[in-house]
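Q: mmCIF, C-alpha atoms, file my_file.cif:
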data_structure
loop_
_atom_site.label_atom_id
_atom_site.label_comp_id
_atom_site.auth_asym_id
_atom_site.auth_seq_id
_atom_site.Cartn_x
_atom_site.Cartn_y
_atom_site.Cartn_z
CA MET S 18 0.00 0.00 0.00
CA HIS S 19 1.73 3.17 -1.16
CA ALA S 20 1.97 6.17 1.14
CA TRP S 21 -1.32 8.03 1.13
CA GLY S 22 -2.09 11.60 2.05
CA GLY S 23 0.16 14.33 0.66
CA ASP S 24 -0.85 13.99 -2.98
CA GLN S 25 -4.52 13.72 -2.03
CA VAL S 26 -4.39 16.90 0.08
CA GLU S 27 -2.95 18.76 -2.88
CA GLU S 28 -5.56 17.27 -5.21
CA ALA S 29 -8.39 18.39 -2.93
CA VAL S 30 -6.97 21.91 -2.61
CA ALA S 31 -6.43 22.22 -6.36
CA GLY S 32 -10.05 21.20 -6.93
CA CYS S 33 -11.23 23.78 -4.40
CA VAL S 34 -9.28 26.60 -6.03
CA ALA S 35 -10.37 25.62 -9.53
CA ALA S 36 -14.03 25.54 -8.49
CA LEU S 37 -13.99 28.89 -6.69
CA ARG S 38 -11.67 30.93 -8.89
CA PRO S 39 -14.39 31.88 -11.42
CA ALA S 40 -16.13 33.86 -8.68
CA VAL S 41 -13.17 35.80 -7.22
CA ASP S 42 -14.61 39.11 -8.46
CA ARG S 43 -17.77 38.71 -6.34
CA ASP S 44 -18.25 39.90 -2.75
CA TRP S 45 -17.77 36.71 -0.75
CA ALA S 46 -18.38 38.54 2.53
CA ALA S 47 -21.92 39.46 1.44
CA VAL S 48 -23.05 35.91 0.68
CA ASN S 49 -23.47 33.08 3.18
CA ALA S 50 -22.09 29.66 2.36
CA ALA S 51 -24.85 27.14 1.71
CA GLY S 52 -26.23 25.68 4.94
CA LEU S 53 -23.94 27.79 7.16
CA GLU S 54 -24.18 31.02 9.13
CA TRP S 55 -20.70 31.96 7.93
CA SER S 56 -20.13 34.06 4.85
CA CYS S 57 -18.33 32.51 1.90
CA HIS S 58 -15.27 34.58 2.86
CA GLN S 59 -15.32 33.32 6.46
CA THR S 60 -15.77 29.75 5.28
CA ALA S 61 -12.85 29.97 2.85
CA PHE S 62 -10.63 31.36 5.59
CA HIS S 63 -11.81 28.56 7.89
CA ILE S 64 -10.47 26.03 5.35
CA ALA S 65 -7.04 27.66 5.58
CA GLU S 66 -7.20 27.76 9.39
CA ASP S 67 -7.91 24.04 9.55
CA LEU S 68 -5.18 23.11 7.08
CA ILE S 69 -2.48 25.03 8.95
CA ALA S 70 -3.70 23.78 12.35
CA TYR S 71 -3.51 20.16 11.22
CA ALA S 72 -0.08 20.72 9.70
CA ALA S 73 1.14 22.30 12.93
CA ASN S 74 -0.19 19.58 15.22
CA LEU S 75 1.32 16.82 13.09
CA ALA S 76 4.67 18.51 12.44
CA GLY S 77 4.90 19.78 16.03
CA ARG S 78 3.90 16.40 17.54
CA ALA S 79 1.30 18.21 19.68
CA GLN S 80 0.07 15.88 22.43
CA ASN S 81 -2.50 17.60 24.64
CA ALA S 82 -3.86 20.59 22.70
CA TYR S 83 -3.60 22.47 19.45
CA VAL S 84 -0.34 24.36 18.92
CA PRO S 85 -1.24 27.79 20.39
CA PHE S 86 -1.22 30.16 17.44
CA GLU S 87 -3.63 31.62 14.90
CA ILE S 88 -3.30 32.97 11.39
CA THR S 89 -4.82 36.23 10.20
CA LEU S 90 -5.29 37.85 6.82
CA ASP S 91 -3.78 41.20 5.94
CA GLU S 92 -6.23 44.08 5.73
CA GLY S 93 -7.93 44.14 2.38
CA THR S 94 -6.95 40.63 1.28
CA GLY S 95 -8.98 39.83 -1.82
CA ASN S 96 -10.56 36.56 -2.83
CA ALA S 97 -7.79 35.62 -5.24
CA ASP S 98 -5.20 36.05 -2.50
CA LEU S 99 -7.41 34.12 -0.08
CA LEU S 100 -7.33 31.20 -2.51
CA HIS S 101 -3.53 31.55 -2.50
CA VAL S 102 -3.61 31.24 1.30
CA ILE S 103 -5.62 28.00 0.96
CA GLU S 104 -3.09 26.70 -1.58
CA THR S 105 -0.21 27.57 0.73
CA THR S 106 -1.68 26.06 3.88
CA GLY S 107 -2.64 22.98 1.87
CA ALA S 108 0.95 22.65 0.69
CA LEU S 109 2.16 22.88 4.29
CA LEU S 110 -0.20 20.11 5.40
CA ALA S 111 0.86 17.95 2.45
CA ALA S 112 4.53 18.45 3.38
CA ALA S 113 3.86 17.61 7.04
CA VAL S 114 2.06 14.42 6.02
CA ARG S 115 4.83 13.35 3.64
CA THR S 116 7.61 13.88 6.19
CA ALA S 117 5.96 12.50 9.34
CA PRO S 118 6.87 8.89 10.20
CA ARG S 119 3.92 6.53 9.92
CA GLU S 120 3.72 5.88 13.68
CA VAL S 121 3.75 9.56 14.75
CA ARG S 122 0.51 10.90 16.21
CA GLY S 123 -0.54 14.43 17.05
CA PHE S 124 -3.38 15.87 19.09
CA HIS S 125 -6.93 15.97 17.81
CA PRO S 126 -9.80 15.98 20.31
CA TYR S 127 -12.19 13.53 18.65
CA PRO S 128 -12.69 10.73 19.35
CA PHE S 129 -9.50 9.33 20.92
CA ARG S 130 -7.46 12.54 21.23
CA SER S 131 -4.91 11.79 18.52
CA ALA S 132 -4.49 11.17 14.80
CA ASN S 133 -1.71 9.84 12.60
CA ARG S 134 -0.54 11.31 9.31
CA GLU S 135 -3.32 9.65 7.32
CA GLY S 136 -5.86 10.93 9.82
CA PHE S 137 -4.65 14.52 9.56
CA ALA S 138 -4.58 14.29 5.76
CA ALA S 139 -8.11 12.87 5.69
CA MET S 140 -9.40 15.53 8.10
CA GLY S 141 -7.86 18.26 5.99
CA ILE S 142 -9.35 16.83 2.81
CA ALA S 143 -12.74 16.47 4.50
CA GLU S 144 -12.68 20.14 5.48
CA VAL S 145 -11.73 21.16 1.94
CA LEU S 146 -14.39 19.00 0.27
CA ALA S 147 -17.19 19.92 2.66
CA HIS S 148 -16.58 23.65 2.76
CA THR S 149 -15.83 24.02 -0.94
CA HIS S 150 -19.26 22.43 -1.43
CA ASP S 151 -20.73 25.01 0.98
CA ILE S 152 -19.05 28.00 -0.68
CA ALA S 153 -19.89 26.80 -4.19
CA GLY S 154 -23.50 26.37 -3.15
CA GLY S 155 -23.63 29.91 -1.78
CA LEU S 156 -22.09 31.35 -4.94
CA GLY S 157 -24.11 29.20 -7.35
CA LEU S 158 -21.06 27.36 -8.67
CA GLU S 159 -20.76 23.73 -9.75
CA TYR S 160 -18.52 21.50 -7.64
CA GLU S 161 -18.01 17.78 -7.36
CA PRO S 162 -14.62 16.27 -6.43
CA PRO S 163 -13.35 12.94 -7.78
CA SER S 164 -15.27 9.99 -6.34
CA ALA S 165 -12.02 8.26 -5.36
CA LEU S 166 -11.02 11.23 -3.21
CA ALA S 167 -14.28 11.13 -1.28
CA GLU S 168 -13.99 7.35 -0.88
CA SER S 169 -10.45 7.61 0.49
CA VAL S 170 -11.67 9.96 3.21
CA LEU S 171 -14.65 7.76 4.08
CA THR S 172 -12.51 4.64 4.48
CA ARG S 173 -10.08 6.41 6.81
CA ILE S 174 -12.07 8.67 9.14
CA PHE S 175 -15.69 7.53 8.60
CA PRO S 176 -15.33 3.80 9.38
CA HIS S 177 -18.71 3.88 11.15
CA VAL S 178 -20.52 5.00 7.97
CA GLN S 179 -21.80 2.29 5.67
CA PRO S 180 -20.43 2.89 2.17
CA GLY S 181 -22.86 3.61 -0.65
CA PRO S 182 -22.67 3.32 -4.43
CA ASP S 183 -21.94 7.06 -4.81
CA HIS S 184 -18.98 8.04 -2.62
CA TRP S 185 -19.46 11.80 -2.96
CA ARG S 186 -23.16 11.62 -2.04
CA THR S 187 -22.25 9.33 0.88
CA PHE S 188 -19.67 11.86 2.07
CA LEU S 189 -22.23 14.68 1.88
CA TRP S 190 -24.69 12.58 3.88
CA ALA S 191 -22.01 11.63 6.43
CA THR S 192 -21.24 15.33 7.01
CA GLY S 193 -24.89 16.36 7.35
CA ARG S 194 -25.06 17.94 3.90
CA GLY S 195 -27.26 15.62 1.91
CA GLU S 196 -29.71 12.78 1.82
CA LEU S 197 -29.39 9.11 0.93
CA PRO S 198 -32.25 6.74 0.20
CA GLY S 199 -33.14 4.68 3.25
CA ARG S 200 -31.07 6.77 5.66
CA ALA S 201 -32.29 9.54 7.94
CA ARG S 202 -30.61 12.86 7.33
CA LEU S 203 -27.93 13.67 9.91
CA THR S 204 -28.18 16.75 12.09
CA GLU S 205 -24.99 15.94 14.01
CA TRP S 206 -21.91 14.11 12.79
CA ARG S 207 -18.32 13.31 13.67
CA TRP S 208 -15.44 11.69 11.93
CA ASN S 209 -13.56 8.92 13.69
CA ASN S 210 -9.77 8.67 13.74
CA ASN S 211 -8.32 5.25 14.47
CA LEU S 212 -7.65 4.26 18.07
CA ALA S 213 -4.06 3.72 19.23
CA LEU S 214 -3.52 1.87 22.52
CA PRO S 215 -0.06 2.05 24.14
CA ALA S 216 1.57 -0.97 25.74
CA ASP S 217 5.10 -1.31 27.10
CA ARG S 218 7.00 -2.21 23.94
CA LEU S 219 4.11 -2.01 21.49
CA THR S 220 1.38 0.25 20.20
CA LEU S 221 -1.91 -1.30 19.13
CA GLU S 222 -2.93 0.71 16.08
CA GLY S 223 -6.52 0.45 14.85
CA ILE S 224 -6.78 -0.79 11.27
CA THR S 225 -9.01 1.40 9.08
CA PRO S 226 -11.28 0.02 6.34
CA ALA S 227 -8.78 1.36 3.79
CA ALA S 228 -5.96 -0.62 5.43
CA ALA S 229 -8.16 -3.70 5.85
CA ARG S 230 -9.05 -3.65 2.16
CA ASP S 231 -5.37 -3.54 1.24
CA LEU S 232 -4.51 -6.37 3.64
CA VAL S 233 -7.28 -8.55 2.24
CA ALA S 234 -5.94 -7.89 -1.26
CA GLY S 235 -2.48 -9.11 -0.21
CA GLY S 236 -0.92 -5.73 0.62
CA ASP S 237 0.72 -4.46 3.77
CA GLY S 238 -2.11 -2.19 4.92
CA GLY S 239 0.27 0.75 5.11
CA PHE S 240 2.40 -0.89 7.82
CA GLU S 241 6.02 -1.98 7.64
CA TRP S 242 5.99 -5.65 8.70
CA ILE S 243 8.73 -7.85 10.02
CA GLU S 244 9.62 -10.90 7.97
CA GLY S 245 6.71 -13.32 7.84
CA GLY S 246 4.04 -10.69 8.38
CA PRO S 247 1.24 -10.03 8.10
CA PHE S 248 0.25 -13.50 9.21
CA GLU S 249 -2.77 -15.24 7.70
CA GLY S 250 -4.97 -14.57 10.74
CA THR S 251 -4.51 -10.81 10.43
CA ARG S 252 -5.62 -10.87 6.81
CA GLU S 253 -8.61 -13.05 7.68
CA ALA S 254 -9.64 -10.79 10.57
CA SER S 255 -9.32 -7.78 8.27
CA GLY S 256 -11.68 -9.51 5.86
CA PHE S 257 -14.30 -9.97 8.57
CA MET S 258 -13.87 -6.35 9.62
CA LEU S 259 -14.27 -5.19 6.04
CA LYS S 260 -17.53 -7.14 5.69
CA ALA S 261 -18.83 -5.48 8.86
CA TYR S 262 -17.91 -2.07 7.46
CA GLU S 263 -19.60 -2.76 4.15
CA GLY S 264 -22.64 -4.02 6.03
CA GLY S 265 -22.87 -0.87 8.13
CA VAL S 266 -22.36 -2.65 11.46
CA HIS S 267 -18.66 -1.91 12.07
CA ARG S 268 -17.72 -0.13 15.29
CA PRO S 269 -14.08 0.88 14.84
CA GLU S 270 -13.12 0.57 18.51
CA PHE S 271 -14.09 -3.10 18.28
CA GLY S 272 -12.16 -3.82 15.11
CA VAL S 273 -8.67 -5.10 14.38
CA PHE S 274 -5.37 -3.66 15.62
CA ALA S 275 -1.88 -3.97 14.19
CA LEU S 276 0.74 -4.64 16.87
CA VAL S 277 3.52 -2.17 16.13
CA ARG S 278 6.89 -2.38 17.87
CA LYS S 279 7.96 0.96 19.34
CA GLU S 280 11.67 0.33 18.90
CA ASP S 281 11.54 0.18 15.11
CA GLY S 282 7.96 1.00 14.04
CA ARG S 283 7.47 -2.43 12.47
CA ALA S 284 4.26 -4.42 12.74
CA ILE S 285 4.64 -7.89 14.22
CA GLY S 286 1.06 -9.17 14.33
CA GLY S 287 -2.62 -8.44 14.71
CA MET S 288 -5.16 -8.54 17.52
CA GLY S 289 -8.79 -7.62 17.72
CA PHE S 290 -12.40 -8.38 18.46
CA HIS S 291 -14.68 -10.83 16.70
CA GLY S 292 -17.48 -8.27 16.72
CA VAL S 293 -19.16 -5.85 19.08
CA PRO S 294 -20.18 -6.74 22.65
CA ASP S 295 -23.48 -8.56 22.98
CA GLN S 296 -26.30 -7.37 25.22
CA GLU S 297 -24.62 -8.96 28.23
CA GLY S 298 -21.32 -7.21 27.53
CA ARG S 299 -19.50 -10.28 26.19
CA VAL S 300 -17.03 -10.04 23.32
CA GLU S 301 -14.39 -12.37 21.89
CA ILE S 302 -10.73 -11.54 21.20
CA GLY S 303 -8.37 -13.17 18.72
CA TYR S 304 -4.73 -12.57 17.77
CA ASP S 305 -1.71 -13.78 15.86
CA LEU S 306 1.98 -12.97 15.52
CA ALA S 307 4.43 -13.34 12.69
CA GLU S 308 6.67 -16.29 13.52
CA PRO S 309 9.91 -14.29 14.14
CA ALA S 310 8.12 -12.27 16.86
CA ARG S 311 6.89 -15.24 18.86
CA GLY S 312 8.34 -16.24 22.21
CA ASN S 313 9.08 -12.66 23.34
CA GLY S 314 5.98 -11.93 25.40
CA TYR S 315 4.51 -9.55 22.81
CA ALA S 316 1.14 -11.29 22.58
CA THR S 317 0.70 -11.29 26.36
CA GLU S 318 1.63 -7.63 26.56
CA ALA S 319 -0.79 -6.65 23.80
CA LEU S 320 -3.59 -8.82 25.19
CA ARG S 321 -3.28 -7.24 28.62
CA ALA S 322 -3.43 -3.75 27.11
CA LEU S 323 -6.47 -4.52 24.96
CA ALA S 324 -8.23 -6.37 27.78
CA ASP S 325 -7.63 -3.52 30.24
CA TRP S 326 -9.00 -1.00 27.75
CA ALA S 327 -12.07 -3.11 26.94
CA LEU S 328 -12.99 -3.99 30.52
CA ALA S 329 -12.74 -0.35 31.56
CA ARG S 330 -15.71 0.38 29.29
CA ASP S 331 -19.30 0.26 30.52
CA ASP S 332 -20.41 -1.94 27.61
CA VAL S 333 -17.88 -4.77 28.19
CA HIS S 334 -18.05 -7.17 31.12
CA THR S 335 -16.54 -10.42 29.84
CA LEU S 336 -13.83 -11.29 27.32
CA PHE S 337 -13.53 -14.66 25.61
CA ALA S 338 -10.69 -16.32 23.71
CA THR S 339 -11.15 -19.55 21.74
CA ILE S 340 -7.97 -21.62 21.40
CA ASP S 341 -7.11 -24.94 19.81
CA HIS S 342 -6.55 -27.48 22.59
CA GLU S 343 -3.14 -28.37 21.12
CA ASN S 344 -1.94 -24.75 21.02
CA ALA S 345 -0.12 -24.71 24.33
CA ALA S 346 1.74 -21.49 23.55
CA SER S 347 -1.49 -19.54 23.01
CA GLN S 348 -2.98 -21.06 26.15
CA ARG S 349 0.00 -19.74 28.10
CA VAL S 350 -0.53 -16.28 26.59
CA VAL S 351 -4.13 -16.00 27.77
CA ALA S 352 -3.26 -17.45 31.17
CA ARG S 353 -0.54 -14.84 31.70
CA ALA S 354 -3.06 -12.16 30.68
CA GLY S 355 -5.45 -13.32 33.40
CA PHE S 356 -7.86 -15.55 31.43
CA THR S 357 -9.07 -18.81 32.97
CA ARG S 358 -10.61 -21.90 31.42
CA ALA S 359 -14.36 -21.48 30.95
CA THR S 360 -16.82 -23.50 32.98
CA VAL S 361 -19.22 -25.90 31.31
CA GLU S 362 -22.01 -23.35 31.82
CA GLU S 363 -19.94 -20.58 30.24
CA GLU S 364 -19.13 -22.77 27.26
CA LYS S 365 -22.82 -23.55 26.79
CA SER S 366 -23.78 -19.87 26.99
CA HIS S 367 -21.06 -19.01 24.47
CA GLY S 368 -22.49 -21.46 21.95
CA GLU S 369 -21.47 -24.82 20.61
CA LEU S 370 -17.69 -25.19 20.26
CA GLU S 371 -15.83 -27.45 17.92
CA THR S 372 -14.41 -30.45 19.76
CA ASP S 373 -10.78 -29.32 19.30
CA LEU S 374 -11.34 -25.84 20.74
CA ARG S 375 -11.15 -24.58 24.31
CA LEU S 376 -12.80 -21.44 25.70
CA TYR S 377 -11.00 -19.03 28.06
CA VAL S 378 -12.66 -16.20 29.99
CA LEU S 379 -11.64 -12.91 31.60
CA LYS S 380 -14.24 -10.94 33.56
CA GLY S 381 -14.20 -7.33 34.55
#
Would you mind writing the file out in structure tokens?

A:
Amino acid sequence: MHAWGGDQVEEAVAGCVAALRPAVDRDWAAVNAAGLEWSCHQTAFHIAEDLIAYAANLAGRAQNAYVPFEITLDEGTGNADLLHVIETTGALLAAAVRTAPREVRGFHPYPFRSANREGFAAMGIAEVLAHTHDIAGGLGLEYEPPSALAESVLTRIFPHVQPGPDHWRTFLWATGRGELPGRARLTEWRWNNNLALPADRLTLEGITPAAARDLVAGGDGGFEWIEGGPFEGTREASGFMLKAYEGGVHRPEFGVFALVRKEDGRAIGGMGFHGVPDQEGRVEIGYDLAEPARGNGYATEALRALADWALARDDVHTLFATIDHENAASQRVVARAGFTRATVEEEKSHGELETDLRLYVLKG
């Protein structure tokens, strides 16, 4: 999977400028952007503010808040120069995305208080697409970005939104700007950056639908893997996650995580949930490691981190792991993480198991 982000930011900004340039001689301050209380001028400046803020937080490795600065326009800045400001701030975000290491994260408040380079790129593109649509609507201009650009944003920061046949219309619906057959119009919306859970030597990085699609197709999902990775189980789990996304039932916090080593930024395996918690707060966990990473305690470390995070939630009360009865190494992993062999009653409540499988349980 080739590096994604910088080129797409520039593509989105170029499309914005091309769409709005025919109206630079009009008074943007006198016309509201479609659906907003801001004028077209305010909305265009807002695009630039977002682009530079995202560039700053990523390049500056901001951890707890936005980098404390603002940009202003010189007195009398015209519309053509305002478009130049958007081009410039877009170029700065593209450069920050291209130069940031894949594992670097910077502050963003929603939903998990951080984003990686793909997240910041996708958020910047989303702001450009959405607000160019708003400004064009206010000015009576035609605007529709490439479908692939809208899709790339949806599969990175809208994993909770079921995809539709028209990616641009789906994006407009997902941002409260349009309607889709069979779906209620949104009055509130949020994007959703992937979750990253820290462990001692690892970071568990949430796999997005875009990454899952690439893994299922035989790619690397945007991760640098150690020899032997990704293992078959990670690809299979990504396939299940992708089906849930396409079916509109995916909850990204209960998806699949790549286990990334902090010392070198390389992925060594995958771990995740087999779905969302049931009504009784029960959910199953599965995992695998590339062979060269086994025997170092990584799986136990990651399982403890994921289990602690899950059981701290109000909607999770019990974790399950299903293990082949001959897989002694995996049984030792779950035991070290605090799981115990399920009782007969627990096995019955979990459902019928194949004869060669054993069920292990960890309760909150």

Q: Return as JSON, numbers by chain the set of residues that the PyMOL selection byres ((chain S and resi 202-218) around 8) yields on the displayed structure.

A: {"S": [127, 128, 129, 131, 132, 136, 173, 174, 175, 176, 177, 190, 191, 192, 193, 194, 195, 196, 197, 200, 201, 219, 220, 221, 222, 223, 224, 225, 269, 270, 278, 279, 280, 315, 318, 319, 322, 323]}

Q: Check what the PyMOL selection byres ((chain S and resi 291-294) around 8) selects in the file above and give those residues as a list in words.

A: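 What the PyMOL selection byres ((chain S and resi 291-294) around 8) grabs from the file is Ala254, His267, Arg268, Phe271, Gly272, Gly289, Phe290, Asp295, Gln296, Glu297, Gly298, Arg299, Val300, Glu301, Ile302, Gly303, Asp332 and Val333 of chain S.
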
Q: Starting from the displayed file, determine the output of the PyMOL selection byres ((chain S and resi 145-154) around 6) and express the residue list as number ranges by chain.

A: S: 33, 50-51, 57, 142-144, 155-158

Q: What does the distance from atom CA of Ala275 of chain S to atom CA of Met288 of chain S come to in Å, to one decimal?

A: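 According to the coordinates, atom CA of Ala275 of chain S and atom CA of Met288 of chain S are separated by 6.5 Å.
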
Q: What gap, in Å, lies between atom CA of Val121 of chain S and atom CA of Val26 of chain S?

A: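 Distance reported for this atom pair: 18.3 Å.
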
Q: So how far away is atom CA of Gly52 of chain S from atom CA of Pro85 of chain S, in Å?

A: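 Between atom CA of Pro85 of chain S and atom CA of Gly52 of chain S the gap is 29.5 Å.
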
Q: Which neighbours of Gln179 of chain S fall inside 7 Å, counting only C-alpha atoms, when residues of the same chain fewer than 6 positions from it are skipped, and could you give them as a PyMOL selection string?

A: chain S and resi 262-265

Q: Considering all atoms listed in the file, state which residue in the set S:Glu159, S:Glu87, S:Glu363, S:Glu308 is at the smallest distance from Leu379 of chain S.

A: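 Answer, going by the shortest atom-to-atom distance: S:Glu363.
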
Q: Could you pull the residues within 9 Å of Pro247 of chain S, counting only C-alpha atoms, minus those fewer than 2 positions along the same chain, as a list in words?

A: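 The residues satisfying every condition are Leu232, Gly236, Asp237, Trp242, Ile243, Glu244, Gly245, Glu249, Gly250, Thr251, Arg252, Ala284, Ile285, Gly286, Gly287, Leu306 and Ala307 of chain S.
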
Q: Return the single residue from S:Pro226, S:Gly381, S:Pro126, S:Pro163 that is closest to Pro180 of chain S, with distances computed using only C-alpha atoms.

A: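 Under the stated criterion, the closest residue is S:Pro226.
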
Q: Just want the 12 Å neighbourhood of segment 95-100 of chain S, counted on all atoms listed in the file, with same-chain residues fewer than 5 positions away dropped. Output as a ChimeraX atom specification.

A: /S:30-46,57-66,89-90,105-107,145,149

Q: When you count all atoms listed in the file, which of these residues is closest to Asp341 of chain S: S:Arg311, S:Trp55, S:Pro182, S:Leu376?

A: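 Looking at the shortest contact to Asp341 of chain S, the residue is S:Leu376.
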
Q: List as a PyMOL selection string the protein and nucleic acid residues near segment 68-75 of chain S, meaning an atom at most 8 Å away when all atoms listed in the file are counted, but skip any in the same chain fewer than 3 places from it.

A: chain S and resi 64-65+78-79+83-84+103+106-107+109-111+113-114+117+121-124+133-134+137+141

Q: Counting only C-alpha atoms, which of S:Arg119, S:Ala227, S:His184, S:Asp305 gets nearest to Thr172 of chain S?

A: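 For Thr172 of chain S, the nearest of the given residues is S:Ala227.
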
Q: Please identify all polymer residues within 10 Å of Ser347 of chain S, counting all atoms listed in the file, omitting same-chain residues fewer than 6 positions from it, and present them as an MDAnalysis selection string.

A: chainID S and resid 304:305 316:317 338:341 353
